[in-house]
Number of protein chains: 4
Amino acid sequence: MIIVLNPHVKEEHIERISDYLHKLNLKIHTSQGEEQTILGVIGDISCVDIEKIKGFEGVNKVIRISESYKQCSRTFNPTDTIVSIGNVPFGGKDIAIIAGPCSVENEKMIHKLAMEVKRYGAHVLRGGAFKPRSSPYTFQGLGETGLKYLRDAAFSAGIPSVSEIMTIGDIDLFYNYVDALQVGARNMQNYSLLKALGTIDKPIILKRGMSATIEEWLNAAEYIVTGGNQRVILCERGIRTYETSTRFTLDLSSVPVIKKLSHLPIIVDPSHAMGNRDLVISMARAAVAAGADGIMVEVHDDPNNALSDGPQSLYPKQFNQLMKELHIISQVIGRGVIKQ
Amino acid sequence: MIIVLNPHVKEEHIERISDYLHKLNLKIHTSQGEEQTILGVIGDISCVDIEKIKGFEGVNKVIRISESYKQCSRTFNPTDTIVSIGNVPFGGKDIAIIAGPCSVENEKMIHKLAMEVKRYGAHVLRGGAFKPRSSPYTFQGLGETGLKYLRDAAFSAGIPSVSEIMTIGDIDLFYNYVDALQVGARNMQNYSLLKALGTIDKPIILKRGMSATIEEWLNAAEYIVTGGNQRVILCERGIRTYETSTRFTLDLSSVPVIKKLSHLPIIVDPSHAMGNRDLVISMARAAVAAGADGIMVEVHDDPNNALSDGPQSLYPKQFNQLMKELHIISQVIGRGVIKQ
Amino acid sequence: MIIVLNPHVKEEHIERISDYLHKLNLKIHTSQGEEQTILGVIGDISCVDIEKIKGFEGVNKVIRISESYKQCSRTFNPTDTIVSIGNVPFGGKDIAIIAGPCSVENEKMIHKLAMEVKRYGAHVLRGGAFKPRSSPYTFQGLGETGLKYLRDAAFSAGIPSVSEIMTIGDIDLFYNYVDALQVGARNMQNYSLLKALGTIDKPIILKRGMSATIEEWLNAAEYIVTGGNQRVILCERGIRTYETSTRFTLDLSSVPVIKKLSHLPIIVDPSHAMGNRDLVISMARAAVAAGADGIMVEVHDDPNNALSDGPQSLYPKQFNQLMKELHIISQVIGRGVIKQ
Amino acid sequence: MIIVLNPHVKEEHIERISDYLHKLNLKIHTSQGEEQTILGVIGDISCVDIEKIKGFEGVNKVIRISESYKQCSRTFNPTDTIVSIGNVPFGGKDIAIIAGPCSVENEKMIHKLAMEVKRYGAHVLRGGAFKPRSSPYTFQGLGETGLKYLRDAAFSAGIPSVSEIMTIGDIDLFYNYVDALQVGARNMQNYSLLKALGTIDKPIILKRGMSATIEEWLNAAEYIVTGGNQRVILCERGIRTYETSTRFTLDLSSVPVIKKLSHLPIIVDPSHAMGNRDLVISMARAAVAAGADGIMVEVHDDPNNALSDGPQSLYPKQFNQLMKELHIISQVIGRGVIKQ
């Protein structure tokens, strides 16, 4: 941590800062220029509140050198972490595919889709039961019934399942029905929920908040990990920018950036950001080329009549074709698609 | 709602869309150009899921003309709604001021600050007890003890109080201690929480999400209002942009925009966005000049030693001076500051 | 400047960096932590190319402490600079108002408007002759004829004039016709144009680029100032964000931020960003409350038939009312509106 | 074009709008709802100024249905346009690679690099001679000498060359030295320059402005094309967002979006946005997987001592490896890399 002091800072102010830091067992190196004095702070600063330091008189700015997250950082753990959903490993040599409809609409459709995505190579079944919709007037999901249908369909197809949780009160419910719990973009900074998920022993897919920096995203993961649950899979799903030709701007550069900063697996969900199935296919290919550990993609066999997000859902045939392409692209970078 | 069809759309596709809309009791006007056919949909479309329409074959794009929120819109209610916290009205002729520290740090400090902000003209006391911090390693607030100190301090000063709630499980707790519950930016799209707050009879201050559009913000308010709780005060607190010289970009234009679109009161919290007390003062003045119904501002008598957000907290003397200035600025636009 | 080195950096790499910096007469303080070594670089680094330093092997990141601009900084010149257009001072105790139509449409209209805005208190007449339009199919301005009409109208009204220049080849033309040249947002980083404007002796109004950081904006000003032309007035006009309810997001916090960082005057143009006259009035008031040295605002006496930007142009009566309000608001912060 | 009128709009206002549109030979379909009246405007609206329509009394909002650009749209020309630099086709079945240093630093280095990138498969040599630097204190390029070195090096290697032009006055100069002229992000809306480039018969690489929407980008291309120069290659280079872990956010979804909206070729330059060579490689792969017609990438044989942008320049060996990977990825989508 670097503390840049104001020009002509008073000696007593420097002392007050130094005292504070020394109490935290931190060492200080002072660089005194003609105009500017800079304090270099050395030691474990994970417990230091930077905002507090900024509040000391005489401080011009404070710059963090090390990451604010700790256990999620590659410095803390240089080896890639593998997180398994059911028996499907995310973050290993090969890539894993999560597929299924946006929402579980009824029993029949989720069973049919589970069989189809499985047949074409998907490893995990997705399906929403509680939907975070921006308007209170739109379809909000089937709730527990949806979770039940999802579990049964996944069981029939012989693959694990994942669904999005929205509130702490539902954790037990989800725990009984699904193999992994997903935290949506809108809840990425719902710290109460993150803390609660840190106490369970199921993998968590943590989507990036729509305006979260990569650092904030890793800090959100840190909330789960420090609670005791190390099984976090990060999921890029697009960020909010000024561009309106797509719903969100899929930030694929987050994939190699996360790989550098963290040991956690990262997957990409191109469906929601693109909002159009042709674009989804292009970006799914690109995500694997960029180094993602997996893809989460929406598939629907009758997207014209989907209750949510039809236009972005792939037809099963398109999904089949995409799987073949991802197989080859992943080989270019020395990987493959996990064999079922 | 306008539905733009693809060029050379098939007749059967148009029929399928029309059938769907007619079942919802909507009327359709068809404009057939040489290249493009456009359907104008007339009637109450609040129950229509635009994403679903986009999923129909033959649809190029769907444009909503009316607002997606309903009860929060000025069309629904042309008269300004006044929401009172305790006996302090927000949204009437005069403006109201909420002040206090970022966090309740201990009993003595919140009592002292309550008296000071009251003396200089504040109408409501603020103070955080559960803090949403981006890192799990920083001060997370005093919890229930903090709420208790806040309530007692507010009582002593004879003014109502407000604090931020982060999770559904704490609603009863907050209900007992504070006069208004604040939903922070990070939870603006925590729909489970919003729905739960729609069922209580205390006013809610709903902060704008850091990347929420004004439309999404009003839709979030709609979640509370449709639950039965009409007492929502909107609070602009800055949005995320590429600019880094301030923490967030305070979007003061949201004030007149909200006034046009909605009947709900809107206040501005310049403290967190600016991160520096000199900037806070300038923007507090500007917010009132822009037409805000009130200001929420952080005040601390020893900001150098604040446990959170010291650099942006006003000294009580600065707050005193600001109050005098707001008094005059509000008069320019035919208002005033509420008399205590 | 702070150079953070990679963990386990080699001694020879540190030496290579040190040699390079010593040749530039810079001093180095080394802080060696257990994990991280940090070099504090002291001296005049304005000539150092940070990108180059980042290119040295062993470098993790480089953090600039001092500003990249120099002559425009308040460190360089602590006193407010006053820039006069004609005899109207910008940046002094009182605020100055620039008003007029978006485009000069014909001789009669600009004469009529010049007299009207003058009557209600404007100090400088604005009017576009060469228009930067995003589509090549829309009205592109009257060109030199427009400049001539503008000059004559300003002369009749007895006030100076300003218009936007788009290309180096037009500098002589503008020099002959107007009292100040405006650089639009789209050309803020047209460095060739900026350098050329650095060689003339007329004031330049430099609008902020629509996605320019405040630092980039001051660096753009630096291009003009280092060329020899110190007479730069900065103009905030809104930045691009995800919000679509206004055309751009007027970043009023740039006003106090610029005041802290630079000695140059700063004005605000709320017209283009808001795109709607009611919003323009609110934001003009707010800009003065935030501390702007002046306002630039579009006024049109027949906005329904304006050739460009009608919806955002104030009616002369509205302008008259606004001027009265700005008079009072400016007094709150110890200023006034310049007397004609 | 859809014109949404205000509720309770007066008949005379509707007539005035209708008269105006009829004069432009446009047809109007009126949809009269109970609350809202909507005019559907049919015909060639490329000459209509939407801002002007918004200025008419009674107008609530105006929504463009067709694109504002015309000749660049796929509606205008459904077949992919192939633009050749020298004899290298961009936009055909196979993809083309542009490589070389950020800046031409001296004669020897550009000759050496030209031979190296050619050996590994590059089709076009890049190199900056006039550099747009945000600070006036950094290396600004060798100017004409740089162009001369670039031409000679390209000639020796037997491949065409491209360099960035910054000002109209340099067009003749560039015309004599390079095979294609590049317009940088900062000049994408320098309309005077675009118009001038519309009159020459060399291909133009038009980079996306750092905050330009895809629509604005295509409108900028339209300025060149309507001037008579059809040979425009679009180049995605990253947009400005709130994320700071990369310099810009490379918006790879612009590739499939442009392919849908326009017939022009689109390439991707990942170097500047990423600012780090490891990330550049990942994103180059992803760009080809997303469907780009080519890649522009910075290569330097001694990046530690590059005068600009060293950290993001690939080593020649890395470039060699990347070329092999792009070969395979392009085959996945039925393409290949152009044979030299």
# chains A, B, ... in the order shown; residues from 1 in each chain; ligands from 1

call {"tool": "closest_atom_pairs", "arguments": {"of": "chain C", "to": "chain A", "cutoff": "8 Å", "atoms": "only C-alpha atoms", "output": "CSV"}}
result
residue,atom,partner,partner_atom,distance
C:Val4,CA,A:Ile65,CA,7.6
C:His29,CA,A:Ser31,CA,6.1
C:Ser31,CA,A:His29,CA,6.1
C:Gly33,CA,A:Ile42,CA,5.9
C:Gly40,CA,A:Ser31,CA,6.8
C:Ile42,CA,A:Gly33,CA,5.9
C:Gly43,CA,A:Gly33,CA,7.6
C:Ile65,CA,A:Val4,CA,7.6
C:Arg240,CA,A:Tyr242,CA,6.6
C:Thr241,CA,A:Tyr242,CA,5.2
C:Tyr242,CA,A:Tyr242,CA,4.0
C:Glu243,CA,A:Tyr242,CA,7.3

call {"tool": "write_last_selection", "arguments": {"atoms": "N, CA, C and O atoms", "output": "short mmCIF file (atom, residue, chain, number, x, y, z; two decimals), in the first residue's frame"}}
result
data_model
loop_
_atom_site.label_atom_id
_atom_site.label_comp_id
_atom_site.auth_asym_id
_atom_site.auth_seq_id
_atom_site.Cartn_x
_atom_site.Cartn_y
_atom_site.Cartn_z
N VAL C 4 5.97 -0.60 -9.25
CA VAL C 4 5.84 -1.83 -8.48
C VAL C 4 6.47 -2.95 -9.31
O VAL C 4 6.08 -3.17 -10.45
N HIS C 29 13.93 5.95 -4.77
CA HIS C 29 13.92 5.38 -3.42
C HIS C 29 13.39 3.97 -3.52
O HIS C 29 12.28 3.77 -4.03
N SER C 31 11.87 0.61 -1.85
CA SER C 31 11.26 -0.01 -0.66
C SER C 31 11.20 -1.50 -0.91
O SER C 31 10.46 -1.96 -1.78
N GLY C 33 10.10 -4.94 0.28
CA GLY C 33 9.30 -5.74 1.20
C GLY C 33 9.68 -7.20 1.06
O GLY C 33 10.56 -7.54 0.25
N GLY C 40 10.19 4.26 -5.71
CA GLY C 40 9.58 5.58 -5.72
C GLY C 40 10.47 6.49 -6.55
O GLY C 40 11.65 6.63 -6.26
N ILE C 42 11.46 10.14 -7.99
CA ILE C 42 11.28 11.52 -7.56
C ILE C 42 11.99 12.47 -8.51
O ILE C 42 13.11 12.22 -8.94
N GLY C 43 11.31 13.56 -8.86
CA GLY C 43 11.86 14.54 -9.79
C GLY C 43 10.79 14.90 -10.81
O GLY C 43 9.64 14.50 -10.68
N ILE C 65 1.89 9.55 -9.64
CA ILE C 65 1.41 10.26 -8.46
C ILE C 65 1.04 11.69 -8.84
O ILE C 65 -0.01 12.19 -8.51
N ARG C 240 -20.76 10.09 -21.87
CA ARG C 240 -21.54 8.94 -22.31
C ARG C 240 -21.60 7.90 -21.20
O ARG C 240 -20.56 7.47 -20.70
N THR C 241 -22.80 7.52 -20.84
CA THR C 241 -22.98 6.45 -19.86
C THR C 241 -24.05 5.51 -20.40
O THR C 241 -24.56 5.70 -21.50
N TYR C 242 -24.41 4.52 -19.60
CA TYR C 242 -25.44 3.56 -20.01
C TYR C 242 -26.84 4.14 -19.95
O TYR C 242 -27.78 3.56 -20.49
N GLU C 243 -27.03 5.26 -19.27
CA GLU C 243 -28.37 5.81 -19.07
C GLU C 243 -28.88 6.44 -20.36
O GLU C 243 -28.19 7.22 -20.99
#

call {"tool": "residues_around", "arguments": {"residues": "Val62 (chain A)", "least_positions_apart": "6", "cutoff": "9 Å", "atoms": "only C-alpha atoms", "output": "ChimeraX atom specification"}}
result
/A:1-5,50-51,53-54

call {"tool": "write_last_selection", "arguments": {"atoms": "N, CA, C and O atoms", "output": "JSON list (two decimals), in the first residue's frame"}}
result
[["chain", "number", "residue", "atom", "x", "y", "z"],
["A", 1, "MET", "N", 0.85, -1.19, 0.00],
["A", 1, "MET", "CA", 0.00, 0.00, 0.00],
["A", 1, "MET", "C", 0.89, 1.24, 0.00],
["A", 1, "MET", "O", 1.89, 1.30, 0.72],
["A", 2, "ILE", "N", 0.52, 2.21, -0.83],
["A", 2, "ILE", "CA", 1.27, 3.46, -0.94],
["A", 2, "ILE", "C", 0.39, 4.58, -0.40],
["A", 2, "ILE", "O", -0.76, 4.71, -0.82],
["A", 3, "ILE", "N", 0.93, 5.38, 0.50],
["A", 3, "ILE", "CA", 0.18, 6.54, 0.97],
["A", 3, "ILE", "C", 0.89, 7.80, 0.49],
["A", 3, "ILE", "O", 2.04, 8.05, 0.86],
["A", 4, "VAL", "N", 0.23, 8.54, -0.37],
["A", 4, "VAL", "CA", 0.80, 9.80, -0.87],
["A", 4, "VAL", "C", 0.29, 10.91, 0.02],
["A", 4, "VAL", "O", -0.92, 11.09, 0.20],
["A", 5, "LEU", "N", 1.22, 11.65, 0.62],
["A", 5, "LEU", "CA", 0.83, 12.72, 1.54],
["A", 5, "LEU", "C", 0.70, 14.04, 0.80],
["A", 5, "LEU", "O", 1.24, 14.22, -0.30],
["A", 50, "ILE", "N", -8.82, 0.91, 3.79],
["A", 50, "ILE", "CA", -8.21, 2.01, 3.03],
["A", 50, "ILE", "C", -8.98, 3.31, 3.21],
["A", 50, "ILE", "O", -8.40, 4.39, 3.31],
["A", 51, "GLU", "N", -10.29, 3.19, 3.27],
["A", 51, "GLU", "CA", -11.10, 4.41, 3.43],
["A", 51, "GLU", "C", -10.71, 5.14, 4.72],
["A", 51, "GLU", "O", -10.74, 6.35, 4.77],
["A", 53, "ILE", "N", -7.77, 5.13, 6.16],
["A", 53, "ILE", "CA", -6.49, 5.81, 5.96],
["A", 53, "ILE", "C", -6.70, 7.12, 5.20],
["A", 53, "ILE", "O", -6.11, 8.14, 5.52],
["A", 54, "LYS", "N", -7.57, 7.07, 4.21],
["A", 54, "LYS", "CA", -7.84, 8.29, 3.45],
["A", 54, "LYS", "C", -8.39, 9.39, 4.34],
["A", 54, "LYS", "O", -8.29, 10.57, 4.02]]

call {"tool": "residues_around", "arguments": {"residues": "Lys207 (chain D)", "least_positions_apart": "3", "cutoff": "7 Å", "atoms": "only C-alpha atoms", "output": "ChimeraX atom specification"}}
result
/D:183-185,188,234-237

call {"tool": "select_by_dssp", "arguments": {"residues": "region 213-325 of chain A", "states": "strand (DSSP E or B)", "output": "JSON, numbers by chain"}}
result
{"A": [232, 233, 234, 235, 236, 239, 249, 262, 266, 267, 268, 294, 295, 296, 297, 298, 299, 314]}

call {"tool": "write_last_selection", "arguments": {"atoms": "N, CA and C atoms", "output": "short mmCIF file (atom, residue, chain, number, x, y, z; two decimals), in the first residue's frame"}}
result
data_model
loop_
_atom_site.label_atom_id
_atom_site.label_comp_id
_atom_site.auth_asym_id
_atom_site.auth_seq_id
_atom_site.Cartn_x
_atom_site.Cartn_y
_atom_site.Cartn_z
N VAL A 232 -16.23 -22.14 -5.53
CA VAL A 232 -16.84 -21.05 -6.27
C VAL A 232 -16.40 -21.11 -7.74
N ILE A 233 -17.39 -21.06 -8.64
CA ILE A 233 -17.12 -20.95 -10.07
C ILE A 233 -17.58 -19.56 -10.49
N LEU A 234 -16.68 -18.77 -11.09
CA LEU A 234 -17.05 -17.44 -11.55
C LEU A 234 -17.72 -17.55 -12.91
N CYS A 235 -18.64 -16.66 -13.19
CA CYS A 235 -19.33 -16.69 -14.49
C CYS A 235 -19.50 -15.29 -15.06
N GLU A 236 -18.76 -15.02 -16.16
CA GLU A 236 -18.91 -13.74 -16.88
C GLU A 236 -20.23 -13.79 -17.65
N ILE A 239 -21.37 -6.93 -19.09
CA ILE A 239 -21.42 -5.76 -18.22
C ILE A 239 -22.21 -4.65 -18.92
N THR A 249 -22.59 -5.87 -22.66
CA THR A 249 -21.37 -6.07 -23.41
C THR A 249 -20.60 -7.22 -22.76
N SER A 262 -6.61 -14.98 -10.29
CA SER A 262 -7.26 -15.92 -9.36
C SER A 262 -7.06 -17.36 -9.80
N ILE A 266 -13.42 -20.13 -14.26
CA ILE A 266 -14.31 -19.12 -14.82
C ILE A 266 -14.99 -19.64 -16.07
N ILE A 267 -16.31 -19.48 -16.10
CA ILE A 267 -17.08 -19.87 -17.28
C ILE A 267 -17.76 -18.62 -17.85
N VAL A 268 -18.36 -18.76 -19.03
CA VAL A 268 -19.01 -17.63 -19.69
C VAL A 268 -20.44 -18.01 -20.06
N GLY A 294 -15.52 -23.17 -19.27
CA GLY A 294 -16.81 -23.76 -19.58
C GLY A 294 -17.74 -22.71 -20.13
N ILE A 295 -18.91 -23.17 -20.57
CA ILE A 295 -19.91 -22.31 -21.17
C ILE A 295 -21.25 -22.66 -20.52
N MET A 296 -22.05 -21.63 -20.26
CA MET A 296 -23.42 -21.87 -19.83
C MET A 296 -24.31 -21.26 -20.90
N VAL A 297 -25.21 -22.06 -21.47
CA VAL A 297 -25.95 -21.56 -22.62
C VAL A 297 -27.41 -22.01 -22.55
N GLU A 298 -28.30 -21.13 -23.00
CA GLU A 298 -29.73 -21.45 -22.98
C GLU A 298 -30.14 -22.20 -24.24
N VAL A 299 -30.87 -23.30 -24.03
CA VAL A 299 -31.36 -24.11 -25.13
C VAL A 299 -32.86 -24.31 -24.92
N LEU A 314 -30.85 -21.23 -27.99
CA LEU A 314 -30.46 -22.01 -29.16
C LEU A 314 -31.47 -23.12 -29.38
#

call {"tool": "residues_around", "arguments": {"residues": "Ser308 (chain B)", "least_positions_apart": "6", "cutoff": "10 Å", "atoms": "only C-alpha atoms", "output": "short mmCIF file (atom, residue, chain, number, x, y, z; two decimals) with C-alpha atoms, in the first residue's frame"}}
result
data_model
loop_
_atom_site.label_atom_id
_atom_site.label_comp_id
_atom_site.auth_asym_id
_atom_site.auth_seq_id
_atom_site.Cartn_x
_atom_site.Cartn_y
_atom_site.Cartn_z
CA ASP A 49 -9.51 -0.21 5.81
CA ILE A 50 -8.21 2.01 3.03
CA GLU A 51 -11.10 4.41 3.43
CA LYS A 52 -10.03 4.96 7.00
CA ILE A 53 -6.49 5.81 5.96
CA LYS A 54 -7.84 8.29 3.45
CA GLY A 55 -9.59 9.97 6.36
CA PRO B 101 -22.59 9.52 10.35
CA CYS B 102 -21.89 6.78 7.83
CA SER B 103 -21.79 4.18 10.61
CA VAL B 104 -22.98 4.15 14.19
CA GLU B 105 -19.60 3.62 15.84
CA GLY B 128 -25.47 2.57 9.43
CA LYS B 131 -22.69 -2.05 6.43
CA ARG B 133 -18.67 -3.46 2.45
CA THR B 138 -13.43 -4.39 6.71
CA PHE B 139 -15.71 -3.06 9.49
CA GLN B 140 -19.20 -4.52 9.02
CA GLY B 141 -21.14 -2.41 11.52
#

call {"tool": "select_by_dssp", "arguments": {"residues": "region 30-179 of chain B", "states": "alpha helix (DSSP H)", "output": "PyMOL selection string"}}
result
chain B and resi 50-55+107-119+144-157+171-177

call {"tool": "residues_around", "arguments": {"residues": "Thr79 (chain B)", "least_positions_apart": "6", "cutoff": "12 Å", "atoms": "only C-alpha atoms", "output": "list in words"}}
result
Cys72, Ser73, Gly91, Gly92, Lys259, Lys260, Leu261, Ser262, His263, Leu264 and Pro265 of chain B

call {"tool": "closest_residue", "arguments": {"among": "A:Val225, A:Ala284, A:Ala220, A:Met274", "to": "Thr246 (chain A)", "atoms": "only C-alpha atoms"}}
result
A:Met274

call {"tool": "closest_residue", "arguments": {"among": "D:Glu107, D:Asp302, D:Asp251, D:Glu116", "to": "Leu147 (chain D)", "atoms": "only C-alpha atoms"}}
result
D:Glu107

call {"tool": "atom_distance", "arguments": {"atom1": "CA of Phe174 (chain A)", "atom2": "CA of Ala196 (chain B)"}}
result
19.8 Å

call {"tool": "closest_residue", "arguments": {"among": "B:Ile204, B:Tyr120, B:Leu142, B:Met210", "to": "Gln318 (chain B)", "atoms": "only C-alpha atoms"}}
result
B:Tyr120

call {"tool": "residues_around", "arguments": {"residues": "Lys324 (chain A)", "least_positions_apart": "5", "cutoff": "12 Å", "atoms": "only C-alpha atoms", "output": "short mmCIF file (atom, residue, chain, number, x, y, z; two decimals) with N, CA, C and O atoms, in the first residue's frame"}}
result
data_model
loop_
_atom_site.label_atom_id
_atom_site.label_comp_id
_atom_site.auth_asym_id
_atom_site.auth_seq_id
_atom_site.Cartn_x
_atom_site.Cartn_y
_atom_site.Cartn_z
N TYR A 120 -26.50 -34.20 -26.81
CA TYR A 120 -25.54 -33.46 -27.61
C TYR A 120 -24.27 -33.12 -26.84
O TYR A 120 -23.41 -32.41 -27.34
N GLY A 121 -24.18 -33.57 -25.59
CA GLY A 121 -22.91 -33.43 -24.90
C GLY A 121 -22.87 -32.52 -23.69
O GLY A 121 -21.80 -32.32 -23.11
N ALA A 122 -24.00 -31.93 -23.28
CA ALA A 122 -23.98 -31.07 -22.10
C ALA A 122 -23.66 -31.90 -20.86
O ALA A 122 -24.01 -33.08 -20.77
N ILE A 281 -24.05 -17.87 -30.46
CA ILE A 281 -23.14 -18.89 -30.99
C ILE A 281 -21.75 -18.32 -31.23
O ILE A 281 -20.74 -18.90 -30.81
N ARG A 285 -18.25 -19.53 -29.04
CA ARG A 285 -16.98 -19.94 -29.66
C ARG A 285 -15.84 -19.04 -29.15
O ARG A 285 -14.76 -19.52 -28.79
N LYS A 317 -30.61 -28.32 -32.30
CA LYS A 317 -29.69 -28.60 -33.40
C LYS A 317 -28.51 -27.64 -33.44
O LYS A 317 -27.39 -28.02 -33.76
N GLN A 318 -28.80 -26.39 -33.14
CA GLN A 318 -27.72 -25.40 -33.09
C GLN A 318 -26.74 -25.74 -31.97
O GLN A 318 -25.54 -25.60 -32.11
N PHE A 319 -27.30 -26.17 -30.86
CA PHE A 319 -26.46 -26.54 -29.72
C PHE A 319 -25.56 -27.71 -30.10
O PHE A 319 -24.37 -27.73 -29.77
N ILE A 329 -12.13 -25.94 -31.20
CA ILE A 329 -11.49 -24.71 -30.71
C ILE A 329 -10.73 -24.98 -29.42
O ILE A 329 -9.61 -24.49 -29.23
N SER A 330 -11.31 -25.79 -28.54
CA SER A 330 -10.63 -26.04 -27.26
C SER A 330 -9.31 -26.78 -27.48
O SER A 330 -8.35 -26.60 -26.73
N GLN A 331 -9.27 -27.60 -28.54
CA GLN A 331 -8.02 -28.32 -28.81
C GLN A 331 -6.90 -27.38 -29.23
O GLN A 331 -5.72 -27.64 -28.98
N GLY A 336 -9.77 -29.74 -24.29
CA GLY A 336 -10.78 -30.51 -25.00
C GLY A 336 -12.10 -30.26 -24.31
O GLY A 336 -12.17 -29.46 -23.37
N VAL A 337 -13.17 -30.89 -24.79
CA VAL A 337 -14.43 -30.83 -24.07
C VAL A 337 -14.51 -32.13 -23.26
O VAL A 337 -14.14 -33.20 -23.75
N VAL D 332 -12.62 -23.84 -38.11
CA VAL D 332 -13.82 -24.28 -37.40
C VAL D 332 -15.07 -23.60 -37.97
O VAL D 332 -16.14 -24.19 -38.04
N ILE D 333 -14.89 -22.34 -38.38
CA ILE D 333 -16.06 -21.63 -38.90
C ILE D 333 -16.01 -21.55 -40.43
O ILE D 333 -16.52 -20.61 -41.05
#

call {"tool": "atom_distance", "arguments": {"atom1": "CA of Asp301 (chain D)", "atom2": "CA of Val288 (chain A)"}}
result
28.9 Å

call {"tool": "residues_around", "arguments": {"residues": "Ile17 (chain D)", "least_positions_apart": "4", "cutoff": "8 Å", "atoms": "only C-alpha atoms", "output": "number ranges by chain"}}
result
D: 13, 21, 53, 56
